[in-house]
file protein.tsv (TSV, C-alpha atoms)
chain	number	residue	atom	x	y	z
A	22	MET	CA	0.00	0.00	0.00
A	23	PHE	CA	1.35	3.48	-1.01
A	24	GLY	CA	4.56	1.73	-2.05
A	25	ILE	CA	5.23	0.44	1.47
A	26	THR	CA	6.31	-3.21	1.73
A	27	LEU	CA	5.55	-5.49	4.67
A	28	THR	CA	9.26	-5.90	5.42
A	29	GLU	CA	9.78	-2.13	5.53
A	30	PHE	CA	6.86	-1.78	7.91
A	31	LEU	CA	8.15	-4.56	10.18
A	32	LEU	CA	11.64	-3.05	10.20
A	33	PHE	CA	10.19	0.29	11.22
A	34	LEU	CA	8.30	-1.37	14.09
A	35	ARG	CA	11.46	-3.24	15.16
A	36	GLU	CA	13.43	0.03	15.34
A	37	PHE	CA	10.55	1.56	17.26
A	38	GLY	CA	10.87	-1.22	19.88
A	39	ILE	CA	14.64	-0.95	20.26
A	40	ALA	CA	14.41	2.84	20.50
A	41	ILE	CA	11.96	2.54	23.42
A	42	ALA	CA	13.98	-0.18	25.19
A	43	GLY	CA	17.24	1.74	24.69
A	44	ALA	CA	15.76	5.04	25.85
A	45	ALA	CA	14.03	3.49	28.89
A	46	SER	CA	17.31	1.87	29.98
A	47	LEU	CA	19.35	5.04	29.30
A	48	TRP	CA	17.03	7.40	31.21
A	49	GLY	CA	16.30	4.78	33.88
A	50	LEU	CA	20.03	4.49	34.51
A	51	LEU	CA	20.57	8.27	34.51
A	52	PHE	CA	17.64	8.84	36.89
A	53	TRP	CA	19.11	6.19	39.18
A	54	PHE	CA	22.49	7.97	39.11
A	55	LEU	CA	20.71	11.21	40.00
A	56	SER	CA	18.94	9.53	42.91
A	57	GLN	CA	22.37	8.54	44.25
A	58	LYS	CA	23.90	11.96	43.61
A	59	VAL	CA	21.17	14.23	45.00
A	60	ARG	CA	21.62	14.92	48.73
A	61	GLU	CA	18.07	15.85	49.61
A	62	LYS	CA	16.25	12.63	50.55
A	63	ARG	CA	12.86	13.55	49.08
A	64	GLU	CA	14.29	14.51	45.71
A	65	ALA	CA	16.47	11.38	45.68
A	66	ALA	CA	13.36	9.28	46.32
A	67	LEU	CA	11.53	11.06	43.48
A	68	TRP	CA	14.32	10.34	40.97
A	69	HIS	CA	14.40	6.74	42.16
A	70	GLY	CA	10.63	6.55	41.68
A	71	ALA	CA	10.93	7.92	38.13
A	72	SER	CA	13.65	5.38	37.38
A	73	GLN	CA	11.45	2.53	38.59
A	74	LYS	CA	8.48	3.87	36.64
A	75	LEU	CA	10.41	3.26	33.42
A	76	LEU	CA	10.42	-0.46	34.14
A	77	TRP	CA	7.15	-0.84	32.21
A	78	MET	CA	8.47	0.88	29.11
A	79	PHE	CA	11.67	-1.12	29.45
A	80	PHE	CA	9.89	-4.49	29.42
A	81	SER	CA	7.37	-3.44	26.77
A	82	GLY	CA	10.07	-2.06	24.44
A	83	LEU	CA	12.18	-5.21	24.78
A	84	PHE	CA	9.16	-7.43	24.19
A	85	PHE	CA	8.13	-5.46	21.10
A	86	TYR	CA	11.64	-5.52	19.67
A	87	SER	CA	12.06	-9.27	20.35
A	88	MET	CA	8.76	-10.16	18.71
A	89	LEU	CA	9.53	-8.12	15.61
A	90	TRP	CA	13.05	-9.58	15.42
A	91	ILE	CA	11.58	-13.09	15.46
A	92	ILE	CA	8.87	-12.27	12.92
A	93	LEU	CA	11.47	-10.74	10.58
A	94	ALA	CA	13.76	-13.72	11.02
A	95	VAL	CA	10.89	-16.06	10.19
A	96	LEU	CA	9.88	-14.08	7.13
A	97	GLU	CA	13.55	-13.87	5.97
A	98	CYS	CA	13.14	-10.34	4.79
A	99	ILE	CA	14.25	-9.49	1.27
A	100	PHE	CA	14.69	-5.72	1.47
A	101	CYS	CA	15.79	-3.44	4.28
A	102	VAL	CA	16.58	0.18	5.01
A	103	GLN	CA	17.68	2.24	7.97
A	104	ALA	CA	17.10	5.94	8.01
A	105	HIS	CA	15.71	8.82	10.02
A	106	GLU	CA	16.17	12.19	8.41
A	107	GLY	CA	15.56	11.47	4.75
A	108	ILE	CA	19.22	10.93	3.94
A	109	SER	CA	20.43	7.39	4.46
A	110	LEU	CA	22.19	4.38	3.09
A	111	PRO	CA	20.00	1.50	1.95
A	112	GLN	CA	20.92	-2.01	3.06
A	113	THR	CA	20.64	-4.99	0.79
A	114	ALA	CA	18.71	-8.16	1.65
A	115	ASP	CA	22.03	-10.01	1.95
A	116	GLN	CA	23.32	-7.44	4.46
A	117	LEU	CA	20.18	-7.84	6.54
A	118	THR	CA	20.44	-11.64	6.57
A	119	LEU	CA	24.13	-11.37	7.49
A	120	SER	CA	23.43	-8.87	10.29
A	121	MET	CA	20.56	-10.88	11.78
A	122	ARG	CA	22.66	-14.07	11.78
A	123	ALA	CA	25.56	-12.22	13.45
A	124	GLN	CA	23.22	-10.70	16.01
A	125	TYR	CA	21.63	-14.03	16.90
A	126	PRO	CA	23.72	-14.87	20.07
A	127	ALA	CA	23.32	-11.32	21.41
A	128	PHE	CA	19.60	-11.39	20.61
A	129	VAL	CA	19.08	-14.72	22.43
A	130	THR	CA	20.95	-13.30	25.46
A	131	LEU	CA	18.71	-10.21	25.40
A	132	LEU	CA	15.59	-12.35	25.12
A	133	GLY	CA	16.78	-14.55	28.03
A	134	PHE	CA	17.46	-11.42	30.06
A	135	TRP	CA	13.97	-10.11	29.35
A	136	ALA	CA	12.36	-13.44	30.35
A	137	SER	CA	14.43	-13.62	33.58
A	138	GLY	CA	13.43	-10.04	34.40
A	139	LEU	CA	9.79	-10.90	33.92
A	140	VAL	CA	10.09	-13.94	36.21
A	141	LEU	CA	11.83	-11.79	38.84
A	142	LEU	CA	9.07	-9.20	38.52
A	143	CYS	CA	6.55	-11.88	39.48
A	144	ILE	CA	8.42	-13.76	42.22
A	145	ALA	CA	11.10	-11.35	43.55
A	146	ARG	CA	9.98	-7.82	42.76
A	147	ARG	CA	11.95	-6.24	45.62
A	148	PHE	CA	15.19	-7.86	44.42
A	149	LEU	CA	14.51	-6.69	40.86
A	150	LEU	CA	13.79	-3.10	41.90
A	151	THR	CA	16.94	-2.99	44.09
A	152	HIS	CA	19.17	-4.15	41.24
A	153	LEU	CA	17.28	-2.48	38.42
A	154	HIS	CA	20.21	-0.22	37.46
A	155	PHE	CA	22.31	-3.25	36.47
A	156	GLY	CA	19.50	-4.33	34.13
A	157	TYR	CA	19.20	-0.85	32.65
A	158	GLY	CA	22.97	-0.71	32.15
A	159	PHE	CA	23.10	-4.12	30.48
A	160	VAL	CA	20.21	-3.44	28.11
A	161	PHE	CA	21.50	0.03	27.24
A	162	LEU	CA	24.90	-1.40	26.27
A	163	THR	CA	23.34	-4.29	24.33
A	164	THR	CA	20.86	-2.15	22.40
A	165	SER	CA	23.61	0.39	21.67
A	166	GLY	CA	25.75	-2.47	20.36
A	167	PHE	CA	22.89	-3.57	18.10
A	168	LEU	CA	22.56	-0.07	16.68
A	169	LEU	CA	26.20	1.04	16.52
A	170	TYR	CA	28.05	-2.01	15.19
A	171	PRO	CA	28.03	-2.59	11.39
A	172	TRP	CA	26.64	-6.14	11.63
A	173	GLY	CA	25.95	-6.45	7.93
A	174	GLY	CA	29.24	-4.84	6.83
A	175	LEU	CA	29.48	-1.53	5.00
A	176	ALA	CA	31.59	-0.18	2.15
A	177	SER	CA	33.68	2.46	3.93
A	178	PHE	CA	34.56	3.93	7.33
A	179	THR	CA	32.42	7.00	6.57
A	180	HIS	CA	29.44	4.75	5.88
A	181	VAL	CA	30.05	2.85	9.14
A	182	VAL	CA	30.17	6.06	11.21
A	183	SER	CA	27.18	7.58	9.42
A	184	ASN	CA	25.11	4.44	9.77
A	185	ALA	CA	26.03	4.04	13.46
A	186	LEU	CA	25.05	7.64	14.30
A	187	HIS	CA	21.93	7.34	12.15
A	188	SER	CA	20.73	4.26	13.99
A	189	TRP	CA	21.82	5.13	17.53
A	190	HIS	CA	20.23	8.58	17.62
A	191	SER	CA	16.80	6.85	17.71
A	192	ILE	CA	17.41	6.16	21.41
A	193	LEU	CA	17.95	9.87	22.06
A	194	THR	CA	15.17	11.10	19.75
A	195	LEU	CA	12.22	8.79	19.05
A	196	GLY	CA	12.72	6.66	22.18
A	197	SER	CA	13.27	9.67	24.45
A	198	VAL	CA	10.19	11.50	23.11
A	199	ILE	CA	8.08	8.45	24.00
A	200	ILE	CA	9.74	8.24	27.44
A	201	ILE	CA	9.16	11.94	28.17
A	202	ASP	CA	5.51	11.59	27.13
A	203	PHE	CA	5.04	8.47	29.25
A	204	LEU	CA	6.67	10.13	32.26
A	205	TYR	CA	4.60	13.30	31.84
A	206	ILE	CA	1.35	11.34	31.89
A	207	SER	CA	2.28	8.70	34.45
A	208	LEU	CA	4.00	11.06	36.92
A	209	ARG	CA	1.36	13.77	36.62
A	210	HIS	CA	-0.59	12.54	39.60
A	211	ASN	CA	2.15	11.49	42.03
A	212	LEU	CA	5.59	12.86	41.12
A	213	ARG	CA	4.56	16.22	39.69
A	214	SER	CA	7.49	18.11	41.16
A	215	LEU	CA	9.85	16.28	38.82
A	216	HIS	CA	8.01	17.30	35.67
A	217	ALA	CA	9.93	20.41	34.66
A	218	LYS	CA	13.29	18.93	35.65
A	219	ILE	CA	12.66	15.83	33.54
A	220	PHE	CA	11.52	17.99	30.60
A	221	VAL	CA	14.75	19.97	30.60
A	222	PHE	CA	16.97	16.95	31.28
A	223	VAL	CA	15.53	14.62	28.64
A	224	THR	CA	15.09	17.40	26.07
A	225	LYS	CA	18.86	17.99	26.13
A	226	GLY	CA	19.24	14.37	25.07
A	227	ILE	CA	16.74	14.88	22.23
A	228	TRP	CA	18.65	17.96	20.98
A	229	ILE	CA	21.89	15.95	21.00
A	230	GLY	CA	20.16	13.12	19.11
A	231	LEU	CA	19.02	15.50	16.37
A	232	GLY	CA	22.55	16.93	16.22
A	233	LEU	CA	23.97	13.41	15.75
A	234	ASP	CA	21.51	12.86	12.92
A	235	PHE	CA	22.64	16.08	11.24
A	236	LEU	CA	26.26	14.95	11.56
A	237	SER	CA	25.50	11.50	10.14
A	238	ALA	CA	23.61	13.02	7.20
A	239	GLY	CA	26.49	15.43	6.59
A	240	LEU	CA	28.88	12.51	6.10
A	241	ILE	CA	26.92	10.93	3.24
A	242	PHE	CA	24.59	13.53	1.75
A	243	GLN	CA	26.74	14.07	-1.36
A	244	GLU	CA	26.22	10.40	-2.26
A	245	VAL	CA	22.57	9.93	-1.42
A	246	PHE	CA	20.92	13.37	-1.59
A	247	GLU	CA	17.74	13.05	-3.65
A	248	PRO	CA	15.45	16.10	-3.81
A	249	THR	CA	12.15	14.23	-3.71
A	250	ALA	CA	8.77	15.14	-2.18
A	251	LYS	CA	9.53	12.70	0.62
A	252	LEU	CA	12.77	14.50	1.52
A	253	PHE	CA	11.06	17.92	1.41
A	254	PHE	CA	8.36	16.62	3.71
A	255	ALA	CA	10.93	15.05	6.08
A	256	GLN	CA	12.73	18.41	6.31
A	257	THR	CA	9.44	20.19	7.01
A	258	LEU	CA	8.91	17.75	9.87
A	259	ILE	CA	12.43	18.42	11.19
A	260	ALA	CA	11.64	22.16	11.15
A	261	ILE	CA	8.38	21.56	13.04
A	262	LEU	CA	10.23	19.33	15.51
A	263	ILE	CA	12.83	22.02	16.24
A	264	ILE	CA	10.28	24.84	16.66
A	265	ASN	CA	7.97	22.68	18.76
A	266	GLY	CA	10.93	21.41	20.82
A	267	VAL	CA	12.01	24.97	21.65
A	268	MET	CA	8.50	25.80	22.88
A	269	LEU	CA	8.10	22.58	24.86
A	270	SER	CA	11.48	22.61	26.57
A	271	GLY	CA	11.56	26.40	26.98
A	272	PRO	CA	8.48	28.52	27.74
A	273	ILE	CA	6.10	25.60	28.39
A	274	ALA	CA	8.47	23.78	30.78
A	275	ARG	CA	9.16	27.07	32.57
A	276	ALA	CA	5.44	27.80	32.82
A	277	ILE	CA	4.92	24.42	34.55
A	278	LEU	CA	7.86	25.10	36.88
A	279	SER	CA	6.57	28.58	37.71
A	280	PHE	CA	3.08	27.26	38.35
A	281	GLN	CA	4.35	24.52	40.64
A	282	GLU	CA	6.35	27.02	42.64
A	283	HIS	CA	3.19	29.09	43.21
A	284	ALA	CA	0.62	26.34	43.73
A	285	LYS	CA	2.36	23.32	45.14
A	286	HIS	CA	-0.66	21.13	45.85
A	287	SER	CA	-2.95	21.63	42.92
A	288	GLU	CA	-3.15	20.14	39.45
A	289	ILE	CA	-1.58	21.81	36.42
A	290	PRO	CA	-4.33	24.06	34.92
A	291	SER	CA	-6.27	22.34	32.16
A	292	LYS	CA	-5.31	25.03	29.62
A	293	LEU	CA	-1.62	24.47	30.25
A	294	HIS	CA	-2.17	20.73	30.27
A	295	GLN	CA	-3.80	20.99	26.83
A	296	VAL	CA	-0.91	23.05	25.48
A	297	VAL	CA	1.51	20.37	26.72
A	298	GLY	CA	-0.76	17.69	25.22
A	299	ILE	CA	-0.82	19.29	21.77
A	300	SER	CA	2.90	20.03	21.80
A	301	GLY	CA	3.69	16.50	23.02
A	302	SER	CA	1.45	14.98	20.33
A	303	ILE	CA	3.17	17.03	17.60
A	304	SER	CA	6.56	15.91	18.87
A	305	LEU	CA	5.61	12.22	19.04
A	306	ALA	CA	3.76	12.19	15.71
A	307	SER	CA	6.62	14.03	13.96
A	308	TRP	CA	9.34	11.65	15.14
A	309	ILE	CA	7.30	8.55	14.29
A	310	THR	CA	6.40	9.97	10.86
A	311	VAL	CA	9.91	11.12	9.97
A	312	LYS	CA	11.33	7.74	10.92
A	313	ALA	CA	8.61	5.80	9.13
A	314	ILE	CA	8.71	7.68	5.81
A	315	ASP	CA	12.48	7.40	5.60
A	316	GLY	CA	12.23	3.64	5.90
A	317	PHE	CA	9.54	3.43	3.21
A	318	ARG	CA	11.78	3.82	0.15
A	319	ASP	CA	9.21	3.70	-2.64
A	320	LEU	CA	6.49	5.78	-1.04
A	321	THR	CA	4.04	6.99	-3.69
A	322	LEU	CA	2.26	9.68	-1.65
A	323	SER	CA	2.61	13.36	-2.59
A	324	TYR	CA	3.68	16.17	-0.22
A	325	GLY	CA	0.06	17.23	0.34
A	326	GLU	CA	-1.15	13.69	1.03
A	327	LEU	CA	1.71	13.09	3.47
A	328	PHE	CA	0.89	16.34	5.27
A	329	GLY	CA	-2.81	15.44	5.48
A	330	LEU	CA	-2.04	12.05	6.99
A	331	TYR	CA	0.42	13.68	9.38
A	332	ILE	CA	-2.25	16.08	10.71
A	333	ILE	CA	-4.68	13.16	11.19
A	334	PHE	CA	-1.92	11.26	13.00
A	335	ILE	CA	-1.30	14.20	15.39
A	336	ALA	CA	-5.03	14.35	16.17
A	337	ALA	CA	-5.16	10.58	16.76
A	338	ILE	CA	-2.19	10.70	19.16
A	339	PHE	CA	-3.69	13.67	21.01
A	340	ILE	CA	-7.01	11.82	21.49
A	341	LEU	CA	-5.18	8.66	22.62
A	342	ARG	CA	-3.07	10.66	25.11
A	343	GLU	CA	-6.12	12.39	26.54
A	344	THR	CA	-8.02	9.10	26.85
A	345	PHE	CA	-5.07	7.45	28.60
A	346	ASP	CA	-4.70	10.46	30.87
A	347	HIS	CA	-8.40	10.41	31.85
A	348	PHE	CA	-8.12	6.69	32.55
A	349	LEU	CA	-5.09	7.27	34.82
A	350	LEU	CA	-6.82	10.19	36.56
A	351	ARG	CA	-9.90	8.03	37.26
A	352	GLU	CA	-7.73	5.21	38.62
A	353	THR	CA	-5.80	7.64	40.84
A	354	HIS	CA	-9.02	9.11	42.26
A	355	ARG	CA	-10.38	5.61	42.84
A	356	ASP	CA	-7.22	4.66	44.79
A	357	THR	CA	-7.38	7.80	46.94
B	29	MET	CA	-5.26	30.25	39.44
B	30	HIS	CA	-4.35	32.09	36.23
B	31	ILE	CA	-1.12	31.06	34.59
B	32	SER	CA	0.44	32.43	31.43
B	33	LEU	CA	3.55	31.51	29.52
B	34	PRO	CA	6.50	33.63	30.72
B	35	LYS	CA	7.34	36.29	28.15
B	36	HIS	CA	10.80	37.27	26.86
B	37	GLN	CA	12.37	34.30	28.55
B	38	LEU	CA	14.03	32.46	25.71
B	39	ASN	CA	17.64	31.51	26.29
B	40	LEU	CA	20.24	32.17	23.59
B	41	HIS	CA	20.32	28.53	22.43
B	42	GLU	CA	16.51	28.60	22.15
B	43	TYR	CA	16.67	31.65	19.87
B	44	ILE	CA	19.28	29.85	17.75
B	45	PHE	CA	17.19	26.65	17.55
B	46	LEU	CA	14.08	28.67	16.76
B	47	GLY	CA	15.94	30.46	13.95
B	48	ALA	CA	17.24	27.11	12.67
B	49	GLY	CA	13.72	25.67	12.71
B	50	VAL	CA	12.16	28.61	10.87
B	51	CYS	CA	14.96	28.62	8.24
B	52	THR	CA	14.53	24.86	7.69
B	53	LEU	CA	10.80	25.43	7.22
B	54	ILE	CA	11.49	28.13	4.61
B	55	ALA	CA	14.22	26.11	2.86
B	56	ALA	CA	12.41	22.72	2.79
B	57	PRO	CA	10.29	23.25	-0.38
B	58	TYR	CA	13.27	24.77	-2.26
B	59	LEU	CA	15.89	22.14	-1.42
B	60	ALA	CA	16.43	21.40	-5.10
B	61	SER	CA	17.65	24.99	-5.69
B	62	TRP	CA	18.68	27.84	-3.37
B	63	GLY	CA	17.08	26.24	-0.32
B	64	PHE	CA	19.90	23.71	-0.24
B	65	TYR	CA	22.46	26.39	0.76
B	66	LEU	CA	20.25	27.77	3.51
B	67	TRP	CA	19.52	24.23	4.68
B	68	SER	CA	23.27	23.42	4.85
B	69	LEU	CA	23.90	26.60	6.82
B	70	VAL	CA	21.11	25.69	9.25
B	71	LYS	CA	22.90	22.44	10.15
B	72	ILE	CA	25.99	24.39	11.22
B	73	VAL	CA	23.90	26.94	13.12
B	74	TYR	CA	22.05	24.12	14.88
B	75	LEU	CA	25.29	22.45	16.00
B	76	THR	CA	26.49	25.83	17.30
B	77	GLY	CA	23.25	26.12	19.26
B	78	LEU	CA	23.88	22.67	20.69
B	79	VAL	CA	27.27	23.76	22.03
B	80	ILE	CA	25.71	26.92	23.53
B	81	LEU	CA	23.00	24.79	25.17
B	82	PHE	CA	25.65	23.20	27.37
B	83	LEU	CA	27.70	26.35	27.96
B	84	GLU	CA	24.85	28.74	28.67
B	85	ARG	CA	23.60	29.51	32.15
B	86	PRO	CA	19.78	29.19	31.98
B	87	LYS	CA	17.57	32.17	32.71
B	88	PRO	CA	15.77	32.07	36.04
B	89	SER	CA	12.05	31.35	36.17
B	90	ILE	CA	9.61	33.83	37.73
B	91	SER	CA	10.54	32.94	41.31
B	92	GLY	CA	14.26	33.11	40.64
B	93	LYS	CA	14.98	29.39	40.41
B	94	THR	CA	16.83	28.19	37.34
B	95	ASN	CA	15.90	25.11	35.37

call {"tool": "encode", "arguments": {"input": "protein.tsv", "output": "structure tokens"}}
result
Amino acid sequence: MFGITLTEFLLFLREFGIAIAGAASLWGLLFWFLSQKVREKREAALWHGASQKLLWMFFSGLFFYSMLWIILAVLECIFCVQAHEGISLPQTADQLTLSMRAQYPAFVTLLGFWASGLVLLCIARRFLLTHLHFGYGFVFLTTSGFLLYPWGGLASFTHVVSNALHSWHSILTLGSVIIIDFLYISLRHNLRSLHAKIFVFVTKGIWIGLGLDFLSAGLIFQEVFEPTAKLFFAQTLIAILIINGVMLSGPIARAILSFQEHAKHSEIPSKLHQVVGISGSISLASWITVKAIDGFRDLTLSYGELFGLYIIFIAAIFILRETFDHFLLRETHRDT
Amino acid sequence: MHISLPKHQLNLHEYIFLGAGVCTLIAAPYLASWGFYLWSLVKIVYLTGLVILFLERPKPSISGKTN
């Protein structure tokens, strides 16, 4: 459909999973470090709580990635691409087969680790939560290894570096945007005081991720630059991402911080919450779209059609976020 | 309680990112011609903004705390 193959779609979903798992382990580990570093006990407990909260994204991301890896292995995919910003190196079917075979031992280890974690979650939750940082560290290193190492082999050193940066930045961009959104919604009712700090902290990672993508594109753009409607649209999305990111991490985050300093025990006003919701939805929809369209090499949609679908996607994410948020709010009120 | 977005509170790196974003938006439809040069310049400006992000001392919020 629209020139998108099943393999391309599955590869996109697989990268989506590893980005979430990688980002959850990265930020989980950093939040844990902060909980050890901060002297004030309450703040240390809050960072520790945020680190533990990421456990759900961590397990879900790993599960999603593992399932897609297995499905792709079973289907023996015939075509594969890796890209994020519209400028990327395509991989051949042979390279994909080679990379998946080379990754097999590491993948089985990761799958075993995920299953052990799940068992521990059921029978020894306290032990798991105490040693969670080791798990985060292990999975972060493994997922980074998956994304950074040229498993399928590449033509030159420049290609290796470009491909590594191109793949790994997903942890800092797509994965981190999902993490920040998850934390905003899930912490809204119990760890509110961390909101603005997390915004600023994680957003720095997202800016770095986009910078890494620019660098990776700069290394290869002379070879692969193709001025197509898809590239123009991807660049429009990058522009929207930057402008939206400035607003979200700057004035909006500061507005939340200022509000919390003035009204410590009340909810964020609904107007401000809606602004955050729209901005968060734009951010999430843009990263998912930019990553997806780059992977779909033979996309037949025009600029206008892509933009129309993108607007619908933003609306869908906003409605989903609001529904999830109302559900959480109802559950919180029921508990209290 | 009424709350409004703080005005005139953008940090230097935020102005740079904002400029980079707007220029990318302008250049995107013209990448096949002159837009390409502006787009290339934006990448360098963005990376400069990234360096400033880590060097800059953030502006205080309304109550004087920095974030």

call {"tool": "closest_residue", "arguments": {"input": "protein.tsv", "among": "A:Leu193, A:Val221, A:Leu76, A:Ile332", "to": "chain B", "atoms": "all atoms listed in the file"}}
result
A:Val221

call {"tool": "residues_around", "arguments": {"input": "protein.tsv", "residues": "Cys51 of chain B", "least_positions_apart": "2", "cutoff": "12 Å", "atoms": "all atoms listed in the file", "output": "PyMOL selection string"}}
result
(chain A and resi 256-257+259-261+263-264) or (chain B and resi 44-49+53-59+63-71+73-74)

call {"tool": "atom_distance", "arguments": {"input": "protein.tsv", "atom1": "atom CA of Ala71 of chain A", "atom2": "atom CA of Ser307 of chain A"}}
result
25.3 Å

call {"tool": "closest_residue", "arguments": {"input": "protein.tsv", "among": "A:Leu252, A:Ile333, A:Ile201, A:Leu320", "to": "Ala60 of chain B", "atoms": "all atoms listed in the file"}}
result
A:Leu252

call {"tool": "residues_around", "arguments": {"input": "protein.tsv", "residues": "Glu84 of chain B", "least_positions_apart": "4", "cutoff": "9 Å", "atoms": "only C-alpha atoms", "output": "PyMOL selection string"}}
result
chain B and resi 39-41+79-80

call {"tool": "closest_residue", "arguments": {"input": "protein.tsv", "among": "A:Ser304, A:Ser279, A:Ser291, A:Ser207", "to": "chain B", "atoms": "all atoms listed in the file"}}
result
A:Ser279

call {"tool": "axis_aligned_box", "arguments": {"input": "protein.tsv", "around": "segment 64-74 of chain A", "padding_each_side": "5 Å", "output": "JSON"}}
result
{"center_x": 12.5, "center_y": 8.5, "center_z": 41.5, "size_x": 18.0, "size_y": 22.0, "size_z": 19.7}

call {"tool": "closest_residue", "arguments": {"input": "protein.tsv", "among": "A:Ile227, A:Leu293, A:Leu269, A:Leu350", "to": "Ile206 of chain A", "atoms": "all atoms listed in the file"}}
result
A:Leu350

call {"tool": "atom_distance", "arguments": {"input": "protein.tsv", "atom1": "atom CA of Ala145 of chain A", "atom2": "atom CA of Phe85 of chain A"}}
result
23.4 Å

call {"tool": "atom_distance", "arguments": {"input": "protein.tsv", "atom1": "atom CA of Met268 of chain A", "atom2": "atom CA of Lys225 of chain A"}}
result
13.4 Å

call {"tool": "residues_around", "arguments": {"input": "protein.tsv", "residues": "Phe317 of chain A", "least_positions_apart": "3", "cutoff": "7 Å", "atoms": "all atoms listed in the file", "output": "list of chain:residue names"}}
result
A:Ile25, A:Glu29, A:Ala313, A:Ile314, A:Leu320

call {"tool": "write_last_selection", "arguments": {"input": "protein.tsv", "atoms": "C-alpha atoms", "output": "PDB file, keeping the file's coordinate frame"}}
result
ATOM      1  CA  ILE A  25       5.230   0.440   1.470  1.00  0.00           C
ATOM      2  CA  GLU A  29       9.780  -2.130   5.530  1.00  0.00           C
ATOM      3  CA  ALA A 313       8.610   5.800   9.130  1.00  0.00           C
ATOM      4  CA  ILE A 314       8.710   7.680   5.810  1.00  0.00           C
ATOM      5  CA  LEU A 320       6.490   5.780  -1.040  1.00  0.00           C
TER       6      LEU A 320
END

call {"tool": "residues_around", "arguments": {"input": "protein.tsv", "residues": "Glu42 of chain B", "least_positions_apart": "4", "cutoff": "8 Å", "atoms": "only C-alpha atoms", "output": "NGL selection string"}}
result
(:A and (267 or 271)) or (:B and (38 or 46 or 77))

call {"tool": "write_last_selection", "arguments": {"input": "protein.tsv", "atoms": "C-alpha atoms", "output": "JSON list (two decimals), keeping the file's coordinate frame"}}
result
[["chain", "number", "residue", "atom", "x", "y", "z"],
["A", 267, "VAL", "CA", 12.01, 24.97, 21.65],
["A", 271, "GLY", "CA", 11.56, 26.40, 26.98],
["B", 38, "LEU", "CA", 14.03, 32.46, 25.71],
["B", 46, "LEU", "CA", 14.08, 28.67, 16.76],
["B", 77, "GLY", "CA", 23.25, 26.12, 19.26]]

call {"tool": "residues_around", "arguments": {"input": "protein.tsv", "residues": "segment 234-238 of chain A", "least_positions_apart": "2", "cutoff": "6 Å", "atoms": "all atoms listed in the file", "output": "list in words"}}
result
Ile108, Ser183, Leu186, His187, Leu231, Gly232, Leu240, Ile241 and Phe242 of chain A

call {"tool": "decode", "arguments": {"input": "protein.tsv", "residues": "segment 123-161 of chain A", "atoms": "C-alpha atoms", "output": "short mmCIF file (atom, residue, chain, number, x, y, z; two decimals), in the first residue's frame"}}
result
data_model
loop_
_atom_site.label_atom_id
_atom_site.label_comp_id
_atom_site.auth_asym_id
_atom_site.auth_seq_id
_atom_site.Cartn_x
_atom_site.Cartn_y
_atom_site.Cartn_z
CA ALA A 123 25.56 -12.22 13.45
CA GLN A 124 23.22 -10.70 16.01
CA TYR A 125 21.63 -14.03 16.90
CA PRO A 126 23.72 -14.87 20.07
CA ALA A 127 23.32 -11.32 21.41
CA PHE A 128 19.60 -11.39 20.61
CA VAL A 129 19.08 -14.72 22.43
CA THR A 130 20.95 -13.30 25.46
CA LEU A 131 18.71 -10.21 25.40
CA LEU A 132 15.59 -12.35 25.12
CA GLY A 133 16.78 -14.55 28.03
CA PHE A 134 17.46 -11.42 30.06
CA TRP A 135 13.97 -10.11 29.35
CA ALA A 136 12.36 -13.44 30.35
CA SER A 137 14.43 -13.62 33.58
CA GLY A 138 13.43 -10.04 34.40
CA LEU A 139 9.79 -10.90 33.92
CA VAL A 140 10.09 -13.94 36.21
CA LEU A 141 11.83 -11.79 38.84
CA LEU A 142 9.07 -9.20 38.52
CA CYS A 143 6.55 -11.88 39.48
CA ILE A 144 8.42 -13.76 42.22
CA ALA A 145 11.10 -11.35 43.55
CA ARG A 146 9.98 -7.82 42.76
CA ARG A 147 11.95 -6.24 45.62
CA PHE A 148 15.19 -7.86 44.42
CA LEU A 149 14.51 -6.69 40.86
CA LEU A 150 13.79 -3.10 41.90
CA THR A 151 16.94 -2.99 44.09
CA HIS A 152 19.17 -4.15 41.24
CA LEU A 153 17.28 -2.48 38.42
CA HIS A 154 20.21 -0.22 37.46
CA PHE A 155 22.31 -3.25 36.47
CA GLY A 156 19.50 -4.33 34.13
CA TYR A 157 19.20 -0.85 32.65
CA GLY A 158 22.97 -0.71 32.15
CA PHE A 159 23.10 -4.12 30.48
CA VAL A 160 20.21 -3.44 28.11
CA PHE A 161 21.50 0.03 27.24
#
